[in-house]
Amino acid sequence: MDYLSLCLVCKDENDYLAEWINYHILMGVERFYIYDNDSQTPVRETLKDYIRQGWAVVLDIPGKGMQLHAYDHCLHTFGANTFWMGFIDTDEFLVPRQTLDLKDFLREYEEFGGVAVSSLFFGSNGHQFRPPSGQIAGYTHSTHATFQGNVLVKSIVRPEKVLLAYSPHDFAYKENAHCVNENRLWVDGMKFPYHAEKIQLNHYFCRSQNEIDQKLARGWADYKTGSWPRQRFDVVNKQSIYPETTILDRLDKIFGQAGLDMAAVVQASGLLAGMAELARQRQPNPPEPAAILSPGLRPAVSLAADLRAQTLAAEERGDFGEAARLIQVRLETMPYRVSLLVDLSVNQLNLGDPAAAWQALSRAWRLAPNSYQALMGMAYFFLRVQDYAMAEKTSRLLLDMAPHSLLVLGYLTEALLGLGRADEALKIGLPLVELADILSELPKGMAFHLSRLLSDQLIKTRNFGPAVHLWQTRLEMQENDLYARIELARVLQAIGDRAGALRCLQQAQKIAPENEEVRQLLRNSSSG
């Protein structure tokens with residue numbers, strides 16, 4: 001039986017596969033299950049030597065939106081042959097920070113159902129085209145640990161404890177099993193505060209500019225339609241200014257263990273060739289027999305994905321009753337998923353039923369007391385019922401886990417305003433909303449909600465300059481933000497700048513000629 005294997009779904013990533021496999025062989029991975037999603041050059045041709053040697057098993061899985069089905073097939077077909085199975089992509093590399101073998105890290109977590117590993121996003125390093133040195137040597141500048149995208153996790157799971165793949169990032173677990181991060185904090189979702197003292201996932205998200213263009217054209221692997229927004233790549237590239245060489249340091253020690261000077265090897269033949277030579281010196285475990293079925297669509301996975309999509313659609317159109325009903329249906333098959341209970345509480349709050357919302361949160365708390373997801377639900381609940389003292393207390397507990405979370409800082413800002421501690425709220429909130437507009441990292445509408453609360457407080461204390469700056473900054477980022485223009489007009493009216501307010505409202509009318517609120521404000525301005 002293998003101790004650690006990796007599952008990968010890929011399409012037209014052939015040029016990167018050898019580097020990805022060789023690196024992970026050197027880090028202790030014992031088997032690779034690779035699902036080829038319609039690659040132009042078949043993966044089994046590219047990896048024929050690895051297949052022959054026993055390192056890789058390659059299966060075809062054609063069609064769009066097949067990632068979760070591939071993961072599910074891998075769990076049910078090969079899960080009995082491995083203690084741990086990780087699920088990552090070809091632009092992602094697991095980097096143990098305190099050992100030289102991933103197996104040594106994982107032995108400390110065998111009591112759990114899974115381990116969530118924090119991402120560290122890397123930029124293009126100025127490359128226009130794919131660097132011949134590969135990903136590890138070619139991309140050496142990352143975002144800061146506090147970059148909000150780094151809250152995305154990827155999972156290494158114990159197959160026997162998994163119910164199904166919930167997303168490309170996280171899994172639903174069976175009774176008495178759950179996922180933790182490196183600090184043994186309960187993780188129940190695709191996002192979790194960044195912790196990477198023991199292990200990190202180098203995510204070469206951008207690669208070269210040419211490959212960004214290709215990725216945009218290709219679309220998502222885990223959805224049937226859609227594509228990445230280019231802005232996301234631009235933000236990562238802009239913020240990837242920090243030299244990050246942990247992965248090279250790990251490899252240097254691996255080369256040293258083999259009696260080699262990595263710098264000399266790189267100079268003579270390059271890092272890719274050096275890794276390949278070292279990997280050839282290792283042998284895989286003898287493969288265990290498995291009934292390899294043709295990858296199909298297991299109804300449970302399709303149903304879970306469909307119900308999730310239906311829930312999101314119901315929430316988007318404001319049908320919170322239907323969303324709550326769908327979540328209850330999902331809880332029948334995933335009763336131990338804390339994030340579902342938190343989502344249920346939010347929908348019940350939207351229905352005006354705080355008692356039912358609290359009941360759902362209490363159930364989440366019993367499952368995972370002091371967990372990040374349960375505390376997030378509590379903080380939101382206390383704000384909605386205007387218990388600002390408890391909202392502040394809960395937000396500060398969350399900040400111990402996530403000191404740089406814009407969402408948690410937003411909750412804290414609103415709680416402080418509710419408690420009448422305006423100076424503290426403004427000190428946190430004003431830079432927060434400005435940063436949120438730049439990064440687009442707050443939930444839809446939250447940045448505007450906080451901006452309006454802060455603006456009202458500034459007007460109340462006749463501190464007009466920061467209020468004007470707040471809305472002007474927002475409009476610099478989103479020129480056609482109708483409601484930001486309306487709010488700026490309100491501030492200018494409060495100052496007594498009637499001409500400025502009128503110009504602002506006229507610009508708002510150009511954006512939305514039929515908007516009744518703008519028309520009324522213009523009439524009031526004219527009559528005043």
# chains A, B, ... in the order shown; residues from 1 in each chain; ligands from 1

$ select_by_dssp --residues "region 286-405 of chain A" --states "alpha helix (DSSP H)" --output "ChimeraX atom specification"
/A:299-316,320-333,338-350,354-367,372-384,388-401

$ residues_around --residues "Ser133 (chain A)" --least-positions-apart "6" --cutoff "10 Å" --atoms "only C-alpha atoms" --output "MDAnalysis selection string"
chainID A and resid 19 139 266 270:273

$ closest_residue --among "A:Asn285, A:Gln209, A:Asn125, A:Gln239" --to "Phe32 (chain A)" --atoms "only C-alpha atoms"
A:Asn285

$ atom_distance --atom1 "CA of Arg282 (chain A)" --atom2 "CA of Arg130 (chain A)"
28.5 Å

$ residues_around --residues "Thr143 (chain A)" --least-positions-apart "6" --cutoff "10 Å" --atoms "only C-alpha atoms" --output "PDB file with C-alpha atoms, in the first residue's frame"
ATOM      1  CA  LEU A 120       1.087  30.961  -2.059  1.00  0.00           C
ATOM      2  CA  PHE A 121       0.427  32.674  -5.403  1.00  0.00           C
ATOM      3  CA  PHE A 122       3.336  33.454  -7.750  1.00  0.00           C
ATOM      4  CA  GLY A 123       3.485  35.931 -10.626  1.00  0.00           C
ATOM      5  CA  GLY A 149      -5.942  34.949  -2.741  1.00  0.00           C
ATOM      6  CA  ASN A 150      -3.697  32.872  -0.503  1.00  0.00           C
ATOM      7  CA  VAL A 235      -3.645  41.676  -9.447  1.00  0.00           C
ATOM      8  CA  VAL A 236      -1.453  38.631  -8.756  1.00  0.00           C
ATOM      9  CA  ASN A 237       1.279  39.886 -11.083  1.00  0.00           C
ATOM     10  CA  LYS A 238       1.215  43.347  -9.551  1.00  0.00           C
ATOM     11  CA  GLN A 239       1.590  41.974  -6.042  1.00  0.00           C
ATOM     12  CA  SER A 240       4.150  39.234  -6.764  1.00  0.00           C
ATOM     13  CA  ILE A 241       7.193  41.245  -5.746  1.00  0.00           C
ATOM     14  CA  TYR A 242       8.607  39.122  -2.920  1.00  0.00           C
ATOM     15  CA  PRO A 243      11.515  36.716  -3.560  1.00  0.00           C
ATOM     16  CA  GLU A 244      10.388  33.247  -2.413  1.00  0.00           C
TER      17      GLU A 244
END

$ residues_around --residues "region 371-379 of chain A" --least-positions-apart "3" --cutoff "9 Å" --atoms "only C-alpha atoms" --output "MDAnalysis selection string"
chainID A and resid 185:189 192:193 338:339 341:343 345:346 358 361:362 364:365 368 382:384 390:395 397:398 401:402 408 411:412

$ write_last_selection --atoms "C-alpha atoms" --output "PDB file, in the first residue's frame"
ATOM      1  CA  LEU A 185      -7.653  24.052  13.176  1.00  0.00           C
ATOM      2  CA  TRP A 186     -10.899  22.696  11.705  1.00  0.00           C
ATOM      3  CA  VAL A 187     -11.177  23.532   7.985  1.00  0.00           C
ATOM      4  CA  ASP A 188     -14.549  23.245   6.299  1.00  0.00           C
ATOM      5  CA  GLY A 189     -14.449  25.095   3.012  1.00  0.00           C
ATOM      6  CA  PHE A 192      -9.110  29.388   5.182  1.00  0.00           C
ATOM      7  CA  PRO A 193      -6.716  31.916   6.753  1.00  0.00           C
ATOM      8  CA  VAL A 338     -20.193  23.135   9.075  1.00  0.00           C
ATOM      9  CA  SER A 339     -20.159  25.612   6.200  1.00  0.00           C
ATOM     10  CA  LEU A 341     -25.043  25.051   8.432  1.00  0.00           C
ATOM     11  CA  VAL A 342     -23.556  28.548   8.378  1.00  0.00           C
ATOM     12  CA  ASP A 343     -25.018  29.142   4.906  1.00  0.00           C
ATOM     13  CA  SER A 345     -28.250  30.426   9.067  1.00  0.00           C
ATOM     14  CA  VAL A 346     -27.547  33.304   6.667  1.00  0.00           C
ATOM     15  CA  TRP A 358     -29.337  30.579  15.717  1.00  0.00           C
ATOM     16  CA  LEU A 361     -25.374  28.028  14.133  1.00  0.00           C
ATOM     17  CA  SER A 362     -25.710  26.140  17.413  1.00  0.00           C
ATOM     18  CA  ALA A 364     -22.499  24.063  13.651  1.00  0.00           C
ATOM     19  CA  TRP A 365     -20.903  25.004  16.969  1.00  0.00           C
ATOM     20  CA  ALA A 368     -16.894  22.296  15.470  1.00  0.00           C
ATOM     21  CA  PHE A 382     -24.549  39.133  15.921  1.00  0.00           C
ATOM     22  CA  LEU A 383     -24.222  42.024  13.480  1.00  0.00           C
ATOM     23  CA  ARG A 384     -27.590  41.257  11.915  1.00  0.00           C
ATOM     24  CA  MET A 390     -20.813  39.966  20.891  1.00  0.00           C
ATOM     25  CA  ALA A 391     -19.993  40.856  17.278  1.00  0.00           C
ATOM     26  CA  GLU A 392     -16.842  42.626  18.449  1.00  0.00           C
ATOM     27  CA  LYS A 393     -15.860  39.750  20.728  1.00  0.00           C
ATOM     28  CA  THR A 394     -16.370  37.182  17.975  1.00  0.00           C
ATOM     29  CA  SER A 395     -14.501  39.294  15.408  1.00  0.00           C
ATOM     30  CA  LEU A 397     -11.441  35.825  18.177  1.00  0.00           C
ATOM     31  CA  LEU A 398     -11.443  35.487  14.392  1.00  0.00           C
ATOM     32  CA  MET A 401      -6.850  33.056  13.283  1.00  0.00           C
ATOM     33  CA  ALA A 402      -6.962  35.536  10.407  1.00  0.00           C
ATOM     34  CA  VAL A 408     -13.193  39.980   9.537  1.00  0.00           C
ATOM     35  CA  TYR A 411     -17.151  42.852  10.719  1.00  0.00           C
ATOM     36  CA  LEU A 412     -15.065  44.471  13.455  1.00  0.00           C
TER      37      LEU A 412
END

$ closest_atom_pairs --of "region 372-455 of chain A" --to "region 481-487 of chain A" --cutoff "9 Å" --atoms "only C-alpha atoms" --output "JSON lines"
{"residue": "A:Phe448", "atom": "CA", "partner": "A:Ala484", "partner_atom": "CA", "distance": 7.8}
{"residue": "A:Arg452", "atom": "CA", "partner": "A:Glu487", "partner_atom": "CA", "distance": 7.6}
{"residue": "A:Ser455", "atom": "CA", "partner": "A:Glu487", "partner_atom": "CA", "distance": 8.5}

$ closest_residue --among "A:Ile247, A:Leu278, A:Ala304, A:Asp387" --to "Glu332 (chain A)" --atoms "only C-alpha atoms"
A:Ala304
